[in-house]
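So this one's work-v3.txt, compact mmCIF, C-alpha atoms:
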```txt
# COMPACT_ATOMS: atom_id res chain seq x y z
CA MET A 1 -2.91 36.67 43.33
CA THR A 2 -4.39 37.95 40.08
CA GLY A 3 -7.40 40.15 39.49
CA ALA A 4 -9.61 37.13 38.93
CA VAL A 5 -12.03 36.08 41.66
CA SER A 6 -12.76 32.42 42.19
CA ALA A 7 -16.30 31.04 42.00
CA GLY A 8 -16.01 29.60 45.50
CA ARG A 9 -15.37 33.03 46.99
CA LEU A 10 -18.31 34.57 45.15
CA GLY A 11 -20.63 31.80 46.31
CA VAL A 12 -21.42 30.69 42.79
CA VAL A 13 -20.90 27.44 40.93
CA SER A 14 -20.75 26.95 37.19
CA CYS A 15 -22.53 24.10 35.41
CA HIS A 16 -20.20 21.50 33.88
CA ALA A 17 -22.49 20.85 30.98
CA CYS A 18 -23.78 24.26 29.88
CA GLY A 19 -21.47 26.71 31.64
CA LEU A 20 -24.23 28.70 33.38
CA VAL A 21 -23.05 30.42 36.56
CA CYS A 22 -25.53 29.62 39.34
CA GLN A 23 -25.89 30.55 42.98
CA ASP A 24 -24.15 27.94 45.10
CA THR A 25 -26.88 26.15 47.06
CA LEU A 26 -24.85 22.98 47.53
CA PRO A 27 -24.30 21.77 51.11
CA GLN A 28 -21.63 23.91 52.74
CA ALA A 29 -19.54 21.05 54.13
CA SER A 30 -16.32 21.95 52.41
CA HIS A 31 -16.43 25.71 52.30
CA HIS A 32 -13.47 26.60 54.44
CA ARG A 33 -11.34 23.60 53.68
CA PRO A 34 -9.45 23.36 50.44
CA VAL A 35 -11.82 21.54 48.15
CA ALA A 36 -9.16 19.16 46.92
CA GLU A 37 -8.94 17.61 50.35
CA SER A 38 -12.59 16.86 50.82
CA GLU A 39 -13.00 15.56 47.26
CA ALA A 40 -9.97 13.34 47.55
CA CYS A 41 -11.43 11.67 50.61
CA GLY A 42 -14.14 10.49 48.26
CA ASN A 43 -17.40 10.45 50.16
CA GLY A 44 -19.75 9.43 47.38
CA ALA A 45 -22.90 9.19 49.48
CA ARG A 46 -22.75 12.84 50.48
CA GLY A 47 -22.91 14.13 46.93
CA ARG A 48 -25.72 11.83 45.95
CA SER A 49 -28.08 12.61 48.81
CA HIS A 50 -28.28 16.35 48.08
CA GLN A 51 -28.21 16.62 44.36
CA VAL A 52 -28.63 20.12 43.03
CA ILE A 53 -29.54 20.44 39.37
CA CYS A 54 -28.66 23.18 36.91
CA PRO A 55 -31.85 25.18 36.33
CA ARG A 56 -31.00 25.61 32.65
CA CYS A 57 -29.80 22.27 31.35
CA GLY A 58 -30.68 19.81 34.12
CA ALA A 59 -27.16 18.47 34.69
CA PRO A 60 -26.17 17.90 38.33
CA LEU A 61 -24.18 20.82 39.74
CA HIS A 62 -21.03 20.36 41.76
CA ARG A 63 -18.17 22.61 42.76
CA ARG A 64 -15.65 20.01 41.67
CA ARG A 65 -16.23 16.76 39.84
CA PRO A 66 -17.23 14.15 42.43
CA ASN A 67 -14.39 11.93 43.67
CA SER A 68 -12.29 13.42 40.94
CA ILE A 69 -8.84 12.36 42.07
CA ALA A 70 -9.78 8.88 43.28
CA ARG A 71 -11.52 8.07 40.00
CA ALA A 72 -8.74 9.58 37.93
CA TRP A 73 -6.10 7.52 39.77
CA ALA A 74 -8.12 4.32 39.43
CA LEU A 75 -8.60 4.76 35.69
CA LEU A 76 -4.97 5.72 35.17
CA LEU A 77 -3.83 2.63 37.04
CA ALA A 78 -6.15 0.45 34.95
CA GLY A 79 -4.66 2.01 31.82
CA LEU A 80 -1.13 1.38 33.06
CA ILE A 81 -1.93 -2.28 33.74
CA PHE A 82 -3.48 -2.75 30.29
CA TYR A 83 -0.42 -1.13 28.73
CA ILE A 84 1.71 -4.18 29.54
CA PRO A 85 -0.27 -6.78 27.53
CA ALA A 86 -0.84 -4.12 24.87
CA ASN A 87 2.89 -4.06 24.20
CA VAL A 88 3.81 -7.67 24.89
CA LEU A 89 0.98 -9.39 23.01
CA PRO A 90 0.69 -9.24 19.22
CA VAL A 91 -1.72 -6.69 17.79
CA MET A 92 -1.85 -8.10 14.29
CA TYR A 93 -1.29 -11.35 12.41
CA THR A 94 0.04 -11.05 8.89
CA SER A 95 0.29 -13.91 6.47
CA LEU A 96 1.82 -13.45 3.05
CA LEU A 97 1.93 -16.38 0.62
CA GLY A 98 1.76 -18.98 3.34
CA SER A 99 4.26 -17.53 5.81
CA GLY A 100 2.47 -15.93 8.72
CA SER A 101 3.75 -13.87 11.64
CA ASP A 102 2.39 -12.11 14.70
CA ASN A 103 3.37 -8.48 15.19
CA THR A 104 3.47 -6.34 18.28
CA ILE A 105 3.23 -2.56 18.15
CA MET A 106 6.98 -2.06 18.43
CA GLN A 107 7.67 -4.65 15.75
CA GLY A 108 5.35 -2.69 13.44
CA VAL A 109 7.33 0.48 14.12
CA ILE A 110 10.66 -1.26 13.56
CA GLU A 111 9.42 -2.79 10.31
CA PHE A 112 8.48 0.63 8.94
CA TRP A 113 11.84 2.03 10.04
CA LYS A 114 13.79 -0.77 8.37
CA SER A 115 11.84 -0.46 5.14
CA GLY A 116 12.85 3.19 4.98
CA SER A 117 9.49 4.78 5.84
CA TYR A 118 10.99 6.87 8.63
CA GLY A 119 8.14 9.37 8.71
CA ILE A 120 5.44 6.74 9.19
CA ALA A 121 7.54 4.88 11.73
CA LEU A 122 7.86 8.11 13.67
CA VAL A 123 4.12 8.89 13.46
CA ILE A 124 3.20 5.44 14.80
CA PHE A 125 5.90 5.61 17.45
CA ILE A 126 4.63 8.98 18.66
CA ALA A 127 0.97 7.95 18.64
CA SER A 128 1.32 4.54 20.24
CA VAL A 129 4.38 4.78 22.48
CA LEU A 130 5.35 8.37 23.20
CA VAL A 131 1.85 9.81 23.72
CA PRO A 132 0.59 7.07 26.09
CA CYS A 133 3.83 7.04 28.12
CA THR A 134 3.91 10.83 28.40
CA LYS A 135 0.27 10.74 29.39
CA PHE A 136 0.93 8.30 32.24
CA VAL A 137 3.69 10.48 33.63
CA VAL A 138 1.94 13.83 33.14
CA LEU A 139 -1.38 12.68 34.59
CA GLY A 140 0.41 11.03 37.50
CA VAL A 141 2.27 14.24 38.29
CA LEU A 142 -0.91 16.33 37.94
CA PHE A 143 -2.93 14.06 40.23
CA ALA A 144 -0.20 13.82 42.87
CA THR A 145 0.50 17.57 42.99
CA SER A 146 -3.20 18.48 43.06
CA GLN A 147 -3.87 15.96 45.77
CA ARG A 148 -1.26 17.64 47.96
CA GLY A 149 -2.64 21.08 47.14
CA SER A 150 0.72 22.06 45.71
CA ARG A 151 1.21 25.64 44.50
CA TRP A 152 4.07 24.71 42.23
CA ALA A 153 3.89 25.88 38.58
CA MET A 154 0.12 26.07 38.54
CA LYS A 155 -0.17 27.80 35.19
CA GLU A 156 2.19 25.33 33.54
CA ARG A 157 0.36 22.38 35.07
CA ALA A 158 -2.94 23.78 33.78
CA LYS A 159 -1.41 24.02 30.31
CA LEU A 160 -0.04 20.51 30.55
CA TYR A 161 -3.50 19.22 31.37
CA ARG A 162 -5.02 20.94 28.34
CA MET A 163 -2.28 19.51 26.15
CA VAL A 164 -2.96 15.97 27.39
CA GLU A 165 -6.66 16.41 26.59
CA LEU A 166 -5.78 17.69 23.14
CA VAL A 167 -3.39 14.94 22.01
CA GLY A 168 -4.59 11.96 24.06
CA TYR A 169 -7.06 10.51 21.59
CA TRP A 170 -4.53 10.33 18.74
CA SER A 171 -3.27 7.12 20.32
CA MET A 172 -6.33 5.45 18.84
CA LEU A 173 -4.37 5.56 15.56
CA ASP A 174 -2.96 2.05 15.86
CA VAL A 175 -6.39 0.53 16.45
CA LEU A 176 -7.72 2.21 13.31
CA VAL A 177 -4.75 1.13 11.20
CA VAL A 178 -5.29 -2.49 12.25
CA ALA A 179 -9.02 -2.14 11.50
CA VAL A 180 -8.46 -0.82 7.98
CA VAL A 181 -5.76 -3.29 6.95
CA ALA A 182 -7.68 -6.23 8.46
CA ALA A 183 -10.78 -5.21 6.50
CA LEU A 184 -8.79 -4.95 3.27
CA VAL A 185 -6.39 -7.84 3.21
CA LYS A 186 -8.58 -10.92 3.03
CA PHE A 187 -7.26 -13.07 0.23
CA GLN A 188 -7.90 -16.59 1.51
CA GLY A 189 -4.70 -18.56 1.52
CA LEU A 190 -2.62 -16.01 -0.35
CA SER A 191 -2.57 -13.16 2.08
CA ASP A 192 -4.43 -12.39 5.28
CA ILE A 193 -4.26 -9.82 8.04
CA GLU A 194 -6.17 -10.41 11.27
CA PRO A 195 -6.47 -8.41 14.48
CA ARG A 196 -4.98 -9.98 17.59
CA ILE A 197 -5.74 -9.62 21.29
CA GLY A 198 -3.06 -6.96 21.89
CA ILE A 199 -5.06 -4.37 20.02
CA LEU A 200 -7.94 -4.81 22.45
CA PHE A 201 -5.64 -4.02 25.37
CA PHE A 202 -4.16 -1.10 23.52
CA GLY A 203 -7.62 0.31 22.80
CA MET A 204 -8.46 -0.08 26.48
CA VAL A 205 -5.31 1.88 27.41
CA VAL A 206 -6.46 4.78 25.24
CA ILE A 207 -10.01 4.70 26.59
CA MET A 208 -8.90 4.37 30.24
CA THR A 209 -6.43 7.24 30.03
CA MET A 210 -8.98 9.44 28.24
CA LEU A 211 -11.55 8.68 30.96
CA SER A 212 -8.91 9.33 33.60
CA ALA A 213 -8.05 12.74 32.16
CA MET A 214 -11.76 13.54 31.93
CA SER A 215 -12.50 12.59 35.53
CA PHE A 216 -9.75 14.83 36.78
CA ASP A 217 -11.07 18.29 37.55
CA PRO A 218 -8.45 20.81 36.37
CA ARG A 219 -9.74 23.33 38.89
CA LEU A 220 -8.18 21.19 41.61
CA ILE A 221 -4.82 22.41 40.30
CA TRP A 222 -5.71 25.87 41.56
CA ASP A 223 -7.30 24.94 44.85
CA GLY A 224 -3.98 25.14 46.65
CA ASP A 225 -3.98 28.81 45.73
CA THR A 226 -6.72 29.80 48.19
CA GLU A 227 -4.77 31.25 51.07
CA MET B 1 -32.04 29.39 42.42
CA LYS B 2 -30.44 32.60 41.22
CA THR B 3 -28.51 32.39 37.99
CA PHE B 4 -26.00 34.83 36.50
CA PRO B 5 -26.03 34.56 32.71
CA HIS B 6 -23.83 37.67 32.44
CA LEU B 7 -21.00 35.89 34.23
CA VAL B 8 -18.65 33.24 32.95
CA ALA B 9 -16.52 30.89 35.07
CA CYS B 10 -13.31 29.47 33.65
CA GLU B 11 -13.75 25.70 33.23
CA HIS B 12 -10.13 25.14 34.10
CA CYS B 13 -9.56 27.22 37.24
CA ASP B 14 -12.97 28.49 38.34
CA SER B 15 -12.16 32.20 38.03
CA VAL B 16 -15.26 34.27 37.41
CA TYR B 17 -15.47 37.07 34.85
CA GLU B 18 -18.14 39.26 33.41
CA ARG B 19 -19.01 38.40 29.83
CA THR B 20 -18.15 41.14 27.39
CA PRO B 21 -19.26 41.15 23.78
CA LEU B 22 -16.56 40.11 21.32
CA THR B 23 -16.12 40.95 17.69
CA PRO B 24 -16.16 37.95 15.33
CA GLY B 25 -12.93 35.97 15.49
CA GLN B 26 -11.94 37.30 18.91
CA LEU B 27 -11.64 35.07 21.94
CA ALA B 28 -11.64 35.69 25.66
CA ARG B 29 -8.89 34.11 27.74
CA CYS B 30 -8.69 33.51 31.45
CA GLU B 31 -6.19 35.87 33.11
CA ARG B 32 -5.24 33.33 35.70
CA CYS B 33 -4.70 30.10 33.74
CA ASP B 34 -4.70 31.30 30.15
CA ALA B 35 -7.45 28.89 29.03
CA ILE B 36 -10.00 30.02 26.48
CA LEU B 37 -13.15 31.26 28.23
CA TYR B 38 -15.35 31.66 25.19
CA ARG B 39 -15.06 32.80 21.60
CA ALA B 40 -17.13 34.89 19.31
CA SER B 41 -18.71 32.83 16.61
CA ARG B 42 -17.74 33.53 13.06
CA LEU B 43 -20.82 31.65 11.91
CA ASP B 44 -24.42 32.71 12.18
CA VAL B 45 -27.07 30.03 12.63
CA ASP B 46 -27.91 29.86 8.92
CA ARG B 47 -24.33 29.18 7.88
CA TRP B 48 -23.83 26.80 10.74
CA LEU B 49 -26.93 24.84 9.73
CA ALA B 50 -25.85 24.84 6.07
CA LEU B 51 -22.46 23.40 7.00
CA THR B 52 -24.15 20.82 9.22
CA ILE B 53 -26.28 19.67 6.28
CA ALA B 54 -23.15 19.53 4.13
CA ALA B 55 -21.50 17.43 6.82
CA ALA B 56 -24.50 15.08 6.80
CA ILE B 57 -24.19 14.56 3.04
CA VAL B 58 -20.44 14.00 3.25
CA PHE B 59 -20.99 11.64 6.17
CA VAL B 60 -23.26 9.44 4.05
CA MET B 61 -20.68 9.43 1.24
CA ALA B 62 -17.86 8.57 3.63
CA ASN B 63 -19.84 5.60 4.89
CA VAL B 64 -21.22 4.30 1.62
CA CYS B 65 -18.16 4.63 -0.61
CA PRO B 66 -15.11 2.43 -0.10
CA VAL B 67 -12.12 4.32 1.31
CA ILE B 68 -9.46 2.10 -0.25
CA TYR B 69 -9.25 -0.37 -3.13
CA ILE B 70 -6.48 -2.93 -3.25
CA SER B 71 -5.45 -5.52 -5.77
CA PHE B 72 -3.09 -8.44 -5.28
CA LYS B 73 -2.19 -11.02 -7.92
CA GLY B 74 -5.31 -10.34 -9.93
CA MET B 75 -7.66 -10.25 -6.95
CA HIS B 76 -9.42 -7.13 -5.79
CA ASN B 77 -10.82 -5.96 -2.50
CA GLU B 78 -12.21 -2.78 -1.01
CA ALA B 79 -13.13 -1.52 2.45
CA THR B 80 -15.57 1.00 3.85
CA LEU B 81 -15.49 2.55 7.32
CA TRP B 82 -18.11 0.07 8.53
CA ALA B 83 -16.18 -2.86 7.14
CA SER B 84 -13.09 -1.64 8.97
CA ALA B 85 -14.84 -1.51 12.31
CA ALA B 86 -16.48 -4.87 11.56
CA ALA B 87 -13.11 -6.44 10.71
CA LEU B 88 -12.07 -5.97 14.34
CA ALA B 89 -15.16 -7.88 15.49
CA HIS B 90 -13.70 -11.16 14.19
CA GLY B 91 -11.19 -12.84 16.39
CA PRO B 92 -10.03 -12.38 19.96
CA ALA B 93 -10.00 -8.58 20.01
CA ALA B 94 -13.74 -8.37 19.16
CA PRO B 95 -14.84 -5.98 21.97
CA ILE B 96 -12.63 -3.19 20.56
CA ALA B 97 -14.90 -3.07 17.49
CA VAL B 98 -17.53 -1.28 19.58
CA PRO B 99 -15.49 1.79 20.63
CA THR B 100 -13.97 1.90 17.14
CA ALA B 101 -17.38 2.02 15.46
CA MET B 102 -18.46 4.60 18.03
CA SER B 103 -15.53 6.92 17.46
CA ILE B 104 -15.53 6.94 13.66
CA ILE B 105 -19.20 6.41 12.78
CA ILE B 106 -21.74 6.61 15.59
CA VAL B 107 -20.41 9.65 17.48
CA PRO B 108 -19.99 11.77 14.31
CA PHE B 109 -23.49 10.70 13.24
CA LEU B 110 -24.96 11.76 16.58
CA GLN B 111 -23.05 15.05 16.54
CA ILE B 112 -24.36 15.93 13.08
CA SER B 113 -27.94 14.90 13.74
CA LEU B 114 -28.17 16.53 17.18
CA LEU B 115 -26.64 19.76 15.91
CA GLY B 116 -28.92 19.78 12.89
CA TRP B 117 -31.96 19.26 15.12
CA VAL B 118 -30.97 21.99 17.58
CA LEU B 119 -29.96 24.48 14.88
CA LEU B 120 -33.09 23.94 12.81
CA TYR B 121 -35.17 25.23 15.71
CA ALA B 122 -32.61 27.84 16.78
CA ARG B 123 -33.00 29.41 13.36
CA PHE B 124 -36.45 30.50 14.48
CA GLY B 125 -35.21 31.46 17.93
CA LYS B 126 -36.84 28.37 19.45
CA ARG B 127 -35.60 25.53 21.57
CA ALA B 128 -36.03 22.17 19.91
CA PRO B 129 -37.82 19.44 21.86
CA GLY B 130 -35.17 17.76 23.97
CA PHE B 131 -32.89 20.81 23.64
CA GLU B 132 -31.37 20.41 27.11
CA ARG B 133 -30.52 16.76 26.58
CA ALA B 134 -29.19 17.38 23.07
CA MET B 135 -26.89 20.17 24.30
CA ARG B 136 -25.59 18.05 27.17
CA MET B 137 -24.96 15.16 24.80
CA LEU B 138 -23.10 17.38 22.33
CA VAL B 139 -20.70 18.43 25.08
CA ALA B 140 -20.22 14.83 26.23
CA LEU B 141 -19.71 13.43 22.72
CA ARG B 142 -17.03 15.84 21.60
CA PRO B 143 -13.93 14.06 22.97
CA TRP B 144 -15.02 10.75 21.42
CA SER B 145 -15.27 11.92 17.84
CA MET B 146 -12.15 10.66 16.05
CA VAL B 147 -12.64 11.22 12.33
CA GLU B 148 -9.24 12.94 12.05
CA VAL B 149 -7.49 10.00 13.69
CA CYS B 150 -9.38 7.71 11.35
CA LEU B 151 -8.13 9.61 8.32
CA LEU B 152 -4.53 9.37 9.51
CA GLY B 153 -5.14 5.67 10.16
CA ILE B 154 -6.33 5.17 6.59
CA LEU B 155 -3.26 6.98 5.25
CA VAL B 156 -0.91 4.89 7.36
CA ALA B 157 -2.73 1.76 6.16
CA VAL B 158 -2.27 2.87 2.54
CA ILE B 159 1.47 3.27 3.03
CA LYS B 160 1.74 0.04 4.99
CA LEU B 161 0.04 -1.97 2.26
CA SER B 162 1.56 -0.23 -0.74
CA GLY B 163 4.76 -2.16 0.00
CA PHE B 164 3.42 -5.49 -1.21
CA LEU B 165 0.19 -4.82 -3.11
CA GLN B 166 -1.45 -2.21 -5.29
CA VAL B 167 -3.44 0.40 -3.41
CA ALA B 168 -5.81 3.05 -4.80
CA PRO B 169 -7.79 5.61 -2.81
CA GLY B 170 -11.58 5.41 -3.08
CA ALA B 171 -14.17 8.19 -2.99
CA GLY B 172 -14.68 7.46 0.69
CA ILE B 173 -11.25 8.77 1.62
CA TRP B 174 -12.00 12.20 0.12
CA ALA B 175 -15.37 12.24 1.82
CA THR B 176 -13.70 11.35 5.13
CA ALA B 177 -11.22 14.19 4.67
CA LEU B 178 -14.06 16.65 3.99
CA LEU B 179 -16.02 15.27 6.93
CA MET B 180 -13.03 15.87 9.18
CA ILE B 181 -12.86 19.53 8.14
CA LEU B 182 -16.61 20.11 8.38
CA LEU B 183 -16.89 18.39 11.76
CA THR B 184 -14.07 20.53 13.10
CA VAL B 185 -15.90 23.63 11.92
CA ILE B 186 -19.38 22.70 13.14
CA ALA B 187 -18.78 20.62 16.27
CA ASN B 188 -15.56 21.95 17.80
CA ARG B 189 -16.97 25.31 18.63
CA ASP B 190 -18.48 27.12 21.53
CA ILE B 191 -22.11 26.07 21.64
CA HIS B 192 -22.89 27.97 24.84
CA TRP B 193 -24.37 30.92 23.06
CA LEU B 194 -27.17 28.76 21.65
CA TRP B 195 -28.51 28.80 25.19
CA GLU B 196 -28.70 32.56 25.29
CA MET B 197 -29.99 32.82 21.74
CA THR B 198 -32.94 30.56 22.41
CA GLU B 199 -33.70 31.81 25.94
CA PRO B 200 -37.50 31.53 26.37
CA ALA B 201 -37.56 34.63 28.59
CA ARG B 202 -35.68 36.62 26.02
CA SER B 203 -38.57 37.29 23.67
CA ALA B 204 -40.74 38.25 26.66
CA GLN B 205 -38.08 40.71 27.88
CA LYS B 206 -37.89 42.30 24.47
CA ALA B 207 -41.66 42.76 24.41
CA GLN B 208 -41.53 44.53 27.77
CA ALA B 209 -38.80 46.91 26.70
```
Transcribe the structure of this file into structure tokens.
Amino acid sequence: MTGAVSAGRLGVVSCHACGLVCQDTLPQASHHRPVAESEACGNGARGRSHQVICPRCGAPLHRRRPNSIARAWALLLAGLIFYIPANVLPVMYTSLLGSGSDNTIMQGVIEFWKSGSYGIALVIFIASVLVPCTKFVVLGVLFATSQRGSRWAMKERAKLYRMVELVGYWSMLDVLVVAVVAALVKFQGLSDIEPRIGILFFGMVVIMTMLSAMSFDPRLIWDGDTE
Amino acid sequence: MKTFPHLVACEHCDSVYERTPLTPGQLARCERCDAILYRASRLDVDRWLALTIAAAIVFVMANVCPVIYISFKGMHNEATLWASAAALAHGPAAPIAVPTAMSIIIVPFLQISLLGWVLLYARFGKRAPGFERAMRMLVALRPWSMVEVCLLGILVAVIKLSGFLQVAPGAGIWATALLMILLTVIANRDIHWLWEMTEPARSAQKAQA
């Protein structure tokens, strides 16, 4: 379509770790099929038995990340499951002069909003609600379209993927806020802030979705393009 | 196996291009998917190493000095980055303390020390012992370094607490801010060209010519 030639056509493969372009000496099983298809089937044993290593940095070479879509789906699903307790269970316990209360993420946002700190409420809302939810939807769409070898809006999908990688880790914000305030507010009896189980689930959501985005090979987006 | 160091493949769509030299500040983009292929470095190895050492100093300060002081009804308290990560370790959410400590302390520490090690040797055109592993680790560590998120977290905590007690920033918060900037400069860049710069065959080729 464009002037660019794909690595598969040239018979080369680039190293994931150091970027060196090497001659493709990997087993030729999937040469004439769209790569997405064979990777999605997820035959782990095949990749492991003939491992080819980058001559420069020693990382294993592969045309596409092994089992990319299956792994990405699994991790995304795990993240989605963890997202429920992360929102339902309290993330923080605050006690002030004897009266204690458990807070969930949304309660924290609402509290900021009510106290007039609209900016902070918005920042926390974006980092802990909007970003994870958008990530679930975007990654789901990317995985599903790539799995089907879709040729729809490839450039935009590629951009979407890069955006998800760029903003995804900001969701860790809530975990760090809880860490800092829990470390600070330790006045026995008078005032105490303690982390609660919800923050563990929320942290897991962030880690799972980051791992999911990383296991997805963005080159699969373009594999439908090979006519 | 044949290798083609003069070629570059787009990480995002696998299009292959020939590498062309860039002037400092320029970057090469993929025609097909618009991703950045590689960029010319604005920093030479000496400057890069100097900034890495600066980052190491600031890192120590950020970890030793408290980031926030608070006082409440005549009582005082302070917290460092370590104490923050450790605070999560108490109670039911304990396992989350590990990734938290990783993302704000351990990963930045590894990034700075690995880069320092690699650059120290690269200054003399040599590959440091363990160069391959260090370079692979630097690529793998990058997404897990969250000093900027940590800084925003500290700021949100300050605002959250300033409602009912007195809050003052400590030296650690400034050090964390500096660390964020320095880490962005030293670690978020294209490290691929260190491979070419320290190529063992390169000096031999030059001798032949």
Exercise. Do you know which residues are at most 9 Å from A:Glu194 counting all atoms listed in the file, after dropping those on the same chain fewer than 3 positions away, and could you put them as a list of chain:residue names?
Worked result: A:Val91, A:Met92, A:Tyr93, A:Thr94, A:Ser95, A:Val178, A:Ala179, A:Val181, A:Ala182, A:Ala183, A:Val185, A:Lys186, B:Ala87, B:Leu88, B:His90, B:Gly91
Nearby residues (only C-alpha atoms) at most 12 Å from stretch 50-62 of chain A, same-chain spacing under 6 positions excluded, as a PyMOL selection string
(chain A and resi 7-8+12-30+35+39+44+68+217) or (chain B and resi 1-5+14+127+130-137+139-140+192+194-196+198-201)
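The two atoms in question, atom CA of B:Asp34 and atom CA of B:Glu18, are spaced 16.0 Å apart.
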Across B:Ser113, B:Ser145, B:Ser84, B:Thr100, the smallest distance to A:Val180, with all atoms listed in the file counted, is shown by B:Ser84
Selection near B:Ile96, 12 Å with all atoms listed in the file, sequence-local residues under 3 positions removed, as a PDB file with C-alpha atoms, in the coordinates of the input:
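Once everything was written out, this is result.pdb:
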```pdb
ATOM      1  CA  VAL A  91      -1.720  -6.690  17.790  1.00  0.00           C
ATOM      2  CA  MET A 172      -6.330   5.450  18.840  1.00  0.00           C
ATOM      3  CA  ASP A 174      -2.960   2.050  15.860  1.00  0.00           C
ATOM      4  CA  VAL A 175      -6.390   0.530  16.450  1.00  0.00           C
ATOM      5  CA  LEU A 176      -7.720   2.210  13.310  1.00  0.00           C
ATOM      6  CA  VAL A 178      -5.290  -2.490  12.250  1.00  0.00           C
ATOM      7  CA  ALA A 179      -9.020  -2.140  11.500  1.00  0.00           C
ATOM      8  CA  PRO A 195      -6.470  -8.410  14.480  1.00  0.00           C
ATOM      9  CA  ARG A 196      -4.980  -9.980  17.590  1.00  0.00           C
ATOM     10  CA  ILE A 197      -5.740  -9.620  21.290  1.00  0.00           C
ATOM     11  CA  GLY A 198      -3.060  -6.960  21.890  1.00  0.00           C
ATOM     12  CA  ILE A 199      -5.060  -4.370  20.020  1.00  0.00           C
ATOM     13  CA  LEU A 200      -7.940  -4.810  22.450  1.00  0.00           C
ATOM     14  CA  PHE A 201      -5.640  -4.020  25.370  1.00  0.00           C
ATOM     15  CA  PHE A 202      -4.160  -1.100  23.520  1.00  0.00           C
ATOM     16  CA  GLY A 203      -7.620   0.310  22.800  1.00  0.00           C
ATOM     17  CA  MET A 204      -8.460  -0.080  26.480  1.00  0.00           C
ATOM     18  CA  VAL A 205      -5.310   1.880  27.410  1.00  0.00           C
ATOM     19  CA  VAL A 206      -6.460   4.780  25.240  1.00  0.00           C
ATOM     20  CA  ILE A 207     -10.010   4.700  26.590  1.00  0.00           C
TER      21      ILE A 207
ATOM     22  CA  SER B  84     -13.090  -1.640   8.970  1.00  0.00           C
ATOM     23  CA  ALA B  85     -14.840  -1.510  12.310  1.00  0.00           C
ATOM     24  CA  ALA B  86     -16.480  -4.870  11.560  1.00  0.00           C
ATOM     25  CA  ALA B  87     -13.110  -6.440  10.710  1.00  0.00           C
ATOM     26  CA  LEU B  88     -12.070  -5.970  14.340  1.00  0.00           C
ATOM     27  CA  ALA B  89     -15.160  -7.880  15.490  1.00  0.00           C
ATOM     28  CA  HIS B  90     -13.700 -11.160  14.190  1.00  0.00           C
ATOM     29  CA  GLY B  91     -11.190 -12.840  16.390  1.00  0.00           C
ATOM     30  CA  PRO B  92     -10.030 -12.380  19.960  1.00  0.00           C
ATOM     31  CA  ALA B  93     -10.000  -8.580  20.010  1.00  0.00           C
ATOM     32  CA  PRO B  99     -15.490   1.790  20.630  1.00  0.00           C
ATOM     33  CA  THR B 100     -13.970   1.900  17.140  1.00  0.00           C
ATOM     34  CA  ALA B 101     -17.380   2.020  15.460  1.00  0.00           C
ATOM     35  CA  MET B 102     -18.460   4.600  18.030  1.00  0.00           C
ATOM     36  CA  SER B 103     -15.530   6.920  17.460  1.00  0.00           C
TER      37      SER B 103
END
```
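Of the residues listed (B:Ala56, B:Ile173, B:Ala97, B:Met61), B:Ala97 shows the shortest atom-to-atom separation from chain A; distances use only C-alpha atoms.
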(message) So that I can check the surroundings of B:Ile159, please list as number ranges by chain every protein, DNA and RNA residue that reaches within 9 Å of it, counting all atoms listed in the file and ignoring chain neighbours fewer than 4 positions away.
(response) A: 117, 120; B: 154-155, 163, 167
For the residues in the current selection, export C-alpha atoms as a PDB file, in the coordinates of the input.
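Result written to again-v7.pdb:
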```pdb
ATOM      1  CA  SER A 117       9.490   4.780   5.840  1.00  0.00           C
ATOM      2  CA  ILE A 120       5.440   6.740   9.190  1.00  0.00           C
TER       3      ILE A 120
ATOM      4  CA  ILE B 154      -6.330   5.170   6.590  1.00  0.00           C
ATOM      5  CA  LEU B 155      -3.260   6.980   5.250  1.00  0.00           C
ATOM      6  CA  GLY B 163       4.760  -2.160   0.000  1.00  0.00           C
ATOM      7  CA  VAL B 167      -3.440   0.400  -3.410  1.00  0.00           C
TER       8      VAL B 167
END
```
Worksheet item: Excluding same-chain residues fewer than 5 positions from B:Ala177, what lies within 9 Å of it counting all atoms listed in the file, as a PyMOL selection string?
Response: chain B and resi 62+147-148+151+172+182
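Minimum atom-to-atom distances from A:Thr145, A:Ser6, A:Ser171, A:Asn103 to chain B were compared using all atoms listed in the file, and the lowest value belongs to A:Ser6.
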From atom CA of A:Pro132 to atom CA of A:Ala86 the spacing works out at 11.3 Å
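Among B:Ile70, B:Leu165, B:Val60, B:Leu120, the residue with the shortest atom-to-atom distance to B:Val45, counting only C-alpha atoms, is B:Leu120.
Proximity to chain A was assessed for B:Arg19, B:Arg142, B:His76, B:His12 counting all atoms listed in the file; the smallest distance is recorded for B:His12.
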With distances taken over only C-alpha atoms, the candidate from A:Ile193, A:Val167, A:Ile84, A:Ile69 nearest A:Arg219 is A:Ile69
